[in-house]
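Here is the file final-v1.tsv (TSV, C-alpha atoms).
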```tsv
chain	number	residue	atom	x	y	z
A	274	ALA	CA	110.19	80.19	78.35
A	275	THR	CA	109.22	83.81	77.84
A	276	LEU	CA	106.16	82.98	75.70
A	277	PHE	CA	104.96	86.40	74.49
A	278	ALA	CA	107.08	88.82	76.53
A	279	ASN	CA	110.85	89.17	76.84
A	280	GLN	CA	111.71	90.63	80.23
A	281	ARG	CA	115.41	90.98	79.32
A	282	ALA	CA	114.87	93.44	76.48
A	283	SER	CA	115.10	97.19	77.08
A	284	THR	CA	111.83	97.78	75.20
A	285	PHE	CA	108.72	95.80	74.34
A	286	GLU	CA	106.59	96.33	71.23
A	287	LEU	CA	103.00	95.33	70.50
A	288	GLU	CA	100.61	96.19	67.69
A	289	GLY	CA	97.67	98.24	68.94
A	290	ALA	CA	94.34	99.22	67.39
A	291	ASP	CA	94.13	100.83	63.95
A	292	GLY	CA	97.65	99.70	63.07
A	293	ALA	CA	99.28	101.83	65.76
A	294	GLN	CA	102.44	100.57	67.43
A	295	ILE	CA	102.82	100.33	71.20
A	296	GLU	CA	106.36	100.57	72.52
A	297	VAL	CA	107.21	100.65	76.23
A	298	SER	CA	110.51	100.79	78.08
A	299	GLN	CA	111.40	98.01	80.51
A	300	GLN	CA	113.71	98.08	83.53
A	301	SER	CA	114.80	94.46	83.71
A	302	ASP	CA	117.65	95.31	86.08
A	303	HIS	CA	115.04	96.20	88.72
A	304	LEU	CA	113.80	92.60	88.83
A	305	ARG	CA	116.61	91.76	91.22
A	306	LEU	CA	114.97	94.01	93.84
A	307	ALA	CA	112.60	92.21	96.22
A	308	GLY	CA	108.92	92.69	95.42
A	309	VAL	CA	109.51	94.67	92.21
A	310	THR	CA	107.48	93.28	89.31
A	311	GLY	CA	105.97	96.25	87.47
A	312	CYS	CA	109.20	97.13	85.67
A	313	VAL	CA	108.71	94.75	82.70
A	314	VAL	CA	105.90	93.33	80.56
A	315	TRP	CA	104.50	89.96	81.62
A	316	ASN	CA	102.60	87.43	79.53
A	317	GLY	CA	99.19	88.18	81.04
A	318	ALA	CA	99.23	91.78	79.77
A	319	VAL	CA	100.02	90.63	76.23
A	320	VAL	CA	97.30	87.97	76.27
A	321	LEU	CA	94.63	90.35	77.56
A	322	ALA	CA	95.63	93.23	75.26
A	323	LYS	CA	95.44	91.01	72.19
A	324	SER	CA	92.22	89.37	73.34
A	325	LEU	CA	90.48	92.66	74.15
A	326	ALA	CA	91.21	93.80	70.60
A	327	LEU	CA	89.62	90.59	69.29
A	328	TRP	CA	86.59	90.83	71.61
A	329	ALA	CA	86.02	94.52	70.81
A	330	GLY	CA	86.49	94.04	67.09
A	331	GLU	CA	85.89	90.81	65.22
A	332	LEU	CA	83.84	89.06	67.91
A	333	GLY	CA	81.92	92.08	69.21
A	334	LEU	CA	81.86	90.66	72.75
A	335	LEU	CA	83.13	93.67	74.69
A	336	GLU	CA	83.01	97.25	73.48
A	337	LEU	CA	85.66	99.44	75.09
A	338	GLU	CA	84.95	102.70	73.29
A	339	GLY	CA	83.63	105.20	75.86
A	340	ARG	CA	84.04	102.75	78.74
A	341	ARG	CA	85.79	103.83	81.95
A	342	VAL	CA	88.48	101.29	82.75
A	343	LEU	CA	90.46	100.98	85.98
A	344	GLU	CA	93.66	98.95	85.80
A	345	LEU	CA	95.33	97.69	88.95
A	346	GLY	CA	99.07	97.00	88.81
A	347	ALA	CA	99.49	98.68	85.42
A	348	GLY	CA	103.26	98.15	85.39
A	349	THR	CA	104.80	99.42	82.15
A	350	GLY	CA	101.44	100.65	80.84
A	351	VAL	CA	101.23	98.42	77.78
A	352	LEU	CA	97.68	97.22	78.56
A	353	ALA	CA	96.46	100.71	79.51
A	354	VAL	CA	97.70	102.11	76.20
A	355	ALA	CA	96.15	99.21	74.27
A	356	CYS	CA	92.78	99.87	75.94
A	357	ALA	CA	92.97	103.61	75.21
A	358	MET	CA	93.64	102.84	71.55
A	359	LEU	CA	90.40	100.84	71.62
A	360	GLY	CA	88.59	103.96	72.87
A	361	ALA	CA	88.56	103.43	76.65
A	362	THR	CA	89.07	106.13	79.27
A	363	VAL	CA	91.67	104.42	81.44
A	364	VAL	CA	92.97	105.10	84.93
A	365	ALA	CA	96.21	103.12	85.22
A	366	THR	CA	97.33	102.62	88.82
A	367	GLU	CA	100.59	101.52	90.39
A	368	GLN	CA	102.68	101.86	93.53
A	369	ALA	CA	104.30	105.28	93.98
A	370	GLU	CA	107.80	104.13	93.02
A	371	ARG	CA	106.55	102.66	89.72
A	372	LEU	CA	104.66	105.75	88.52
A	373	LYS	CA	107.64	107.37	86.78
A	374	LEU	CA	108.13	104.50	84.32
A	375	LEU	CA	104.39	104.08	83.83
A	376	SER	CA	103.87	107.79	83.10
A	377	LYS	CA	106.84	107.93	80.73
A	378	ASN	CA	105.57	104.96	78.73
A	379	VAL	CA	102.01	106.29	78.53
A	380	GLU	CA	103.08	109.83	77.58
A	381	ARG	CA	105.16	108.65	74.61
A	382	HIS	CA	101.89	107.46	72.98
A	383	ALA	CA	100.01	110.72	73.58
A	384	SER	CA	98.31	112.40	70.64
A	385	HIS	CA	99.61	115.76	71.91
A	386	ARG	CA	102.93	116.21	73.69
A	387	GLY	CA	103.99	118.88	76.17
A	388	ALA	CA	103.43	119.90	79.77
A	389	ALA	CA	99.84	120.97	79.14
A	390	ALA	CA	98.92	117.74	77.36
A	391	GLY	CA	98.35	115.51	80.39
A	392	PRO	CA	97.77	113.50	82.43
A	393	PRO	CA	95.33	112.32	81.34
A	394	TRP	CA	96.86	111.82	77.93
A	395	ALA	CA	94.69	111.45	74.81
A	396	ILE	CA	95.76	108.30	72.95
A	397	GLY	CA	94.73	106.75	69.65
A	398	ARG	CA	92.03	107.60	67.14
A	399	ARG	CA	88.92	106.52	69.06
A	400	GLY	CA	88.73	109.12	71.82
A	401	GLY	CA	90.59	107.09	74.44
A	402	SER	CA	92.88	108.40	77.15
A	403	VAL	CA	95.07	107.27	80.04
A	404	ASP	CA	95.42	108.87	83.46
A	405	VAL	CA	98.02	107.62	85.95
A	406	GLN	CA	97.37	107.42	89.69
A	407	GLU	CA	98.95	105.84	92.74
A	408	LEU	CA	97.08	102.93	94.27
A	409	ASP	CA	98.54	100.72	97.01
A	410	TRP	CA	96.51	97.53	97.52
A	411	PHE	CA	97.43	97.47	101.20
A	412	SER	CA	96.03	101.00	101.65
A	413	PRO	CA	93.85	101.68	98.59
A	414	GLY	CA	92.21	104.93	99.71
A	415	PRO	CA	89.06	106.34	98.07
A	416	CYS	CA	87.39	104.44	95.26
A	417	ILE	CA	88.19	105.36	91.67
A	418	GLY	CA	85.13	105.63	89.44
A	419	CYS	CA	84.99	102.98	86.72
A	420	ASP	CA	82.67	100.50	85.03
A	421	LEU	CA	85.28	97.83	84.20
A	422	LEU	CA	88.30	96.71	86.21
A	423	LEU	CA	91.33	94.99	84.68
A	424	ALA	CA	94.47	93.43	86.14
A	425	THR	CA	97.14	91.11	84.77
A	426	ASP	CA	99.79	88.94	86.41
A	427	VAL	CA	98.96	90.20	89.89
A	428	VAL	CA	99.05	86.81	91.63
A	429	TYR	CA	102.58	86.02	92.82
A	430	THR	CA	102.72	85.91	96.65
A	431	GLU	CA	100.05	85.03	99.20
A	432	GLU	CA	100.36	88.29	101.14
A	433	VAL	CA	100.05	90.46	98.04
A	434	THR	CA	97.25	88.30	96.66
A	435	LEU	CA	95.13	88.70	99.80
A	436	ALA	CA	95.62	92.48	99.70
A	437	LEU	CA	94.61	92.49	96.03
A	438	VAL	CA	91.38	90.59	96.72
A	439	ARG	CA	90.47	92.97	99.56
A	440	CYS	CA	90.98	95.85	97.14
A	441	LEU	CA	88.90	94.17	94.42
A	442	ALA	CA	86.07	93.49	96.87
A	443	ALA	CA	85.45	97.22	97.21
A	444	TYR	CA	84.40	97.50	93.54
A	445	ASP	CA	80.98	96.50	92.25
A	446	VAL	CA	81.90	96.38	88.57
A	447	PRO	CA	82.73	93.57	86.13
A	448	MET	CA	86.38	92.50	86.31
A	449	LEU	CA	88.81	90.74	83.99
A	450	LEU	CA	91.96	89.28	85.54
A	451	THR	CA	94.47	87.54	83.30
A	452	VAL	CA	97.23	85.69	85.11
A	453	GLU	CA	100.02	83.28	84.30
A	454	LEU	CA	99.83	80.09	86.31
A	455	ARG	CA	102.98	79.95	88.42
A	456	THR	CA	102.90	78.35	91.88
A	457	GLU	CA	99.95	76.13	92.70
A	458	GLU	CA	99.87	77.29	96.34
A	459	VAL	CA	99.57	80.99	95.53
A	460	HIS	CA	96.97	80.39	92.84
A	461	PHE	CA	94.90	78.30	95.26
A	462	CYS	CA	95.18	81.13	97.80
A	463	PHE	CA	93.86	83.55	95.17
A	464	VAL	CA	90.87	81.40	94.20
A	465	GLU	CA	90.03	80.66	97.84
A	466	ALA	CA	90.19	84.36	98.75
A	467	LEU	CA	87.84	85.21	95.88
A	468	ALA	CA	85.35	82.59	97.08
A	469	LEU	CA	85.49	83.83	100.67
A	470	ALA	CA	84.90	87.40	99.47
A	471	GLY	CA	81.75	86.27	97.64
A	472	PHE	CA	82.91	86.74	94.06
A	473	LEU	CA	81.21	85.04	91.14
A	474	VAL	CA	84.12	83.73	89.07
A	475	HIS	CA	84.18	82.23	85.59
A	476	ARG	CA	87.37	80.97	83.95
A	477	LEU	CA	87.41	81.56	80.22
A	478	PRO	CA	88.41	78.66	77.98
A	479	PRO	CA	91.80	79.31	76.34
A	480	GLU	CA	90.13	79.20	72.93
A	481	LEU	CA	88.50	82.58	73.63
A	482	HIS	CA	91.87	84.30	73.76
A	483	ALA	CA	93.28	85.71	70.53
A	484	ALA	CA	94.72	82.85	68.46
A	485	GLU	CA	98.31	84.09	68.52
A	486	VAL	CA	98.42	84.18	72.34
A	487	GLN	CA	96.55	81.02	73.26
A	488	THR	CA	98.28	78.96	75.94
A	489	ARG	CA	97.18	76.94	78.94
A	490	ARG	CA	99.79	78.73	81.04
A	491	VAL	CA	97.77	81.97	81.02
A	492	VAL	CA	94.13	82.12	82.14
A	493	THR	CA	91.50	84.86	82.27
A	494	TYR	CA	88.90	85.12	85.00
A	495	VAL	CA	85.65	87.05	84.54
A	496	MET	CA	84.53	88.17	87.97
A	497	SER	CA	81.82	90.16	89.71
A	498	LEU	CA	80.18	90.53	93.08
A	499	PRO	CA	76.53	89.53	93.37
A	500	SER	CA	74.14	92.35	94.32
A	501	ALA	CA	73.89	91.07	97.90
A	502	ASP	CA	77.67	91.55	98.34
A	503	ARG	CA	77.97	94.95	96.64
A	504	GLY	CA	81.37	96.52	97.18
A	505	ALA	CA	82.01	99.64	99.21
A	506	CYS	CA	82.54	101.52	95.94
A	507	ALA	CA	79.20	100.49	94.46
A	508	SER	CA	77.55	103.84	95.08
A	509	HIS	CA	80.57	105.59	93.55
A	510	ALA	CA	80.83	103.48	90.41
A	511	GLY	CA	79.24	106.24	88.37
A	512	GLY	CA	81.42	109.07	89.68
```
Here is the file; what I need is its structure written in the form of structure tokens.
Amino acid sequence: ATLFANQRASTFELEGADGAQIEVSQQSDHLRLAGVTGCVVWNGAVVLAKSLALWAGELGLLELEGRRVLELGAGTGVLAVACAMLGATVVATEQAERLKLLSKNVERHASHRGAAAGPPWAIGRRGGSVDVQELDWFSPGPCIGCDLLLATDVVYTEEVTLALVRCLAAYDVPMLLTVELRTEEVHFCFVEALALAGFLVHRLPPELHAAEVQTRRVVTYVMSLPSADRGACASHAGG
């Protein structure tokens, strides 16, 4: 079942903040290529986008306006755009070969079009924006300044999962990871790697997700490193 996302469609639409519409292109034909996943929208991105809107609005649990957000594995950009519409300053990262689709999808939501407009592109009515940068988890390079890290549906093979956790461990900021439960072995590898890296991990109850996207197939982890295990990027979190 596709649940909330249809990977076969050429486009995906989602309602954003203030009644704005998010529409991103998908490249479902690329799914046949080994290791390519960022070409379509997955369920985790929809669940987190909808839930962030609920938490920032009605519940008042997490204010995104003015917050610097780093997204790993941004894929089509649907979550990055949703966060910008909520007022966040977002850096959306992907592998080099996925940046063209990501940039195209982000730019179509820009408040101002044209060569001089971005990146970063101003998006929405609350002062948010999205920048697009390359980030390879196997060779992440310098830290990117942020005060909240997001990722969705990034747990799908053991090798990639271990590289992801090593990348996460460099950041001393709160993290939200929303993932669809697929193979038990890979998910166990993910949780074990987080524990070995010293993360404090809390799994949110499904009832805290937005009502229209509640399912036990998709879970959100709230994560952080304790002060004794501060990441290599801790001193750069403010810059």
**Report entry** Test item: which residues lie within 10 Å of (98.2, 106.9, 78.5) counting all atoms listed in the file, as a ChimeraX atom specification
**Finding:** /A:350-358,362-365,375-384,391-397,401-405
Residue neighbourhood Ala468 of chain A, 12 Å, only C-alpha atoms, exclusion window fewer than 5 positions, as a short mmCIF file (atom, residue, chain, number, x, y, z; two decimals) with C-alpha atoms, keeping the file's coordinate frame:
```
data_model
loop_
_atom_site.label_atom_id
_atom_site.label_comp_id
_atom_site.auth_asym_id
_atom_site.auth_seq_id
_atom_site.Cartn_x
_atom_site.Cartn_y
_atom_site.Cartn_z
CA LEU A 435 95.13 88.70 99.80
CA VAL A 438 91.38 90.59 96.72
CA ARG A 439 90.47 92.97 99.56
CA ALA A 442 86.07 93.49 96.87
CA PHE A 461 94.90 78.30 95.26
CA CYS A 462 95.18 81.13 97.80
CA PHE A 463 93.86 83.55 95.17
CA LEU A 473 81.21 85.04 91.14
CA VAL A 474 84.12 83.73 89.07
CA HIS A 475 84.18 82.23 85.59
CA MET A 496 84.53 88.17 87.97
CA SER A 497 81.82 90.16 89.71
CA LEU A 498 80.18 90.53 93.08
CA PRO A 499 76.53 89.53 93.37
CA ASP A 502 77.67 91.55 98.34
#
```
Query raised in the report: Quick one: residues within 7 Å of Gly360 of chain A, all atoms listed in the file counted, chain neighbours fewer than 5 positions away excluded, as a list in words?
Result: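 The residues that qualify are Leu337, Glu338, Gly339, Arg399, Gly400 and Gly401 of chain A.
Computed from the coordinates, the atom CA of Tyr429 of chain A to atom CA of Asn316 of chain A distance equals 13.4 Å.
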Query raised in the report: Any idea what's packed within 7 Å of Glu296 of chain A, counting only C-alpha atoms, ignoring anything in its chain fewer than 3 positions away? Could you give it as a list in words?
Result: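 Final neighbour list, sorted by chain and number: Thr284, Phe285, Glu286 and Leu287 of chain A.
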Query raised in the report: If you count all atoms listed in the file, which residues fall within 12 Å of Val495 of chain A, apart from same-chain ones fewer than 4 positions away, as a list in words?
Result: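 The residues that qualify are Leu321, Leu421, Leu422, Leu423, Ala424, Val446, Pro447, Met448, Leu449, Leu450, Thr451, Val452, Leu467, Phe472, Leu473, Val474, His475, Arg476, Leu477 and Pro478 of chain A.
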Query raised in the report: So what do you get for atom CA of Cys312 of chain A versus atom CA of Val464 of chain A, distance-wise?
Result: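 Rounded to one decimal, the two atoms are 25.6 Å apart.
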Query - Contacts of Arg490 of chain A at 9 Å (only C-alpha atoms; same-chain gap of 3+ positions) as a PyMOL selection string - result: chain A and resi 452-455+487
Around segment 308-321 of chain A, with edges along x, y and z and 5 Å added on all six sides, what centre and edge lengths do you get, in Å to one decimal, as AutoDock Vina command-line options?
```
--center_x 102.1 --center_y 92.3 --center_z 85.8 --size_x 24.9 --size_y 19.7 --size_z 29.2
```
Query raised in the report: Out of A:Lys323, A:His482, A:Arg340, A:Arg489, which residue has the shortest atom-to-atom distance to Cys419 of chain A when counting all atoms listed in the file?
Result: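 Smallest distance to Cys419 of chain A is found for A:Arg340.
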Query raised in the report: atom CA of Val314 of chain A and atom CA of Asp445 of chain A are how many Å apart?
Result: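 Separation between atom CA of Val314 of chain A and atom CA of Asp445 of chain A: 27.7 Å.
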Report task. Using only C-alpha atoms, pick whichever of A:Leu374, A:Val491, A:Leu276, A:Leu345 has the shortest atom-to-atom distance to Leu437 of chain A. Result ->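 Ranked by minimum distance to Leu437 of chain A, first place goes to A:Leu345.
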Using the atoms already present, construct N, CA, C and O atoms for segment 437-451 of chain A and hand them back as a short mmCIF file (atom, residue, chain, number, x, y, z; two decimals), in the frame of the given file.
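Final output, result.cif:
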```cif
data_model
loop_
_atom_site.label_atom_id
_atom_site.label_comp_id
_atom_site.auth_asym_id
_atom_site.auth_seq_id
_atom_site.Cartn_x
_atom_site.Cartn_y
_atom_site.Cartn_z
N LEU A 437 95.28 92.24 97.31
CA LEU A 437 94.61 92.49 96.03
C LEU A 437 93.13 92.17 96.11
O LEU A 437 92.28 92.97 95.68
N VAL A 438 92.79 91.00 96.65
CA VAL A 438 91.38 90.59 96.72
C VAL A 438 90.57 91.54 97.61
O VAL A 438 89.43 91.88 97.29
N ARG A 439 91.17 91.99 98.71
CA ARG A 439 90.47 92.97 99.56
C ARG A 439 90.20 94.26 98.78
O ARG A 439 89.14 94.87 98.92
N CYS A 440 91.15 94.66 97.97
CA CYS A 440 90.98 95.85 97.14
C CYS A 440 89.88 95.63 96.09
O CYS A 440 89.01 96.48 95.91
N LEU A 441 89.91 94.49 95.43
CA LEU A 441 88.90 94.17 94.42
C LEU A 441 87.50 94.15 95.00
O LEU A 441 86.53 94.57 94.36
N ALA A 442 87.39 93.66 96.24
CA ALA A 442 86.07 93.49 96.87
C ALA A 442 85.36 94.81 97.12
O ALA A 442 84.16 94.82 97.40
N ALA A 443 86.07 95.91 97.02
CA ALA A 443 85.45 97.22 97.21
C ALA A 443 84.72 97.70 95.96
O ALA A 443 83.97 98.67 96.02
N TYR A 444 84.93 97.03 94.83
CA TYR A 444 84.40 97.50 93.54
C TYR A 444 83.26 96.61 93.05
O TYR A 444 83.43 95.40 92.90
N ASP A 445 82.14 97.22 92.77
CA ASP A 445 80.98 96.50 92.25
C ASP A 445 80.87 96.72 90.74
O ASP A 445 79.93 97.33 90.25
N VAL A 446 81.88 96.27 90.03
CA VAL A 446 81.90 96.38 88.57
C VAL A 446 82.42 95.06 88.01
O VAL A 446 83.09 94.30 88.71
N PRO A 447 82.14 94.76 86.75
CA PRO A 447 82.73 93.57 86.13
C PRO A 447 84.25 93.67 86.12
O PRO A 447 84.82 94.77 85.99
N MET A 448 84.91 92.54 86.25
CA MET A 448 86.38 92.50 86.31
C MET A 448 86.92 91.42 85.39
O MET A 448 86.33 90.35 85.26
N LEU A 449 88.06 91.73 84.78
CA LEU A 449 88.81 90.74 83.99
C LEU A 449 90.21 90.66 84.56
O LEU A 449 90.92 91.68 84.59
N LEU A 450 90.61 89.49 85.02
CA LEU A 450 91.96 89.28 85.54
C LEU A 450 92.62 88.18 84.72
O LEU A 450 92.10 87.06 84.64
N THR A 451 93.73 88.51 84.10
CA THR A 451 94.47 87.54 83.30
C THR A 451 95.80 87.28 83.99
O THR A 451 96.58 88.21 84.23
#
```
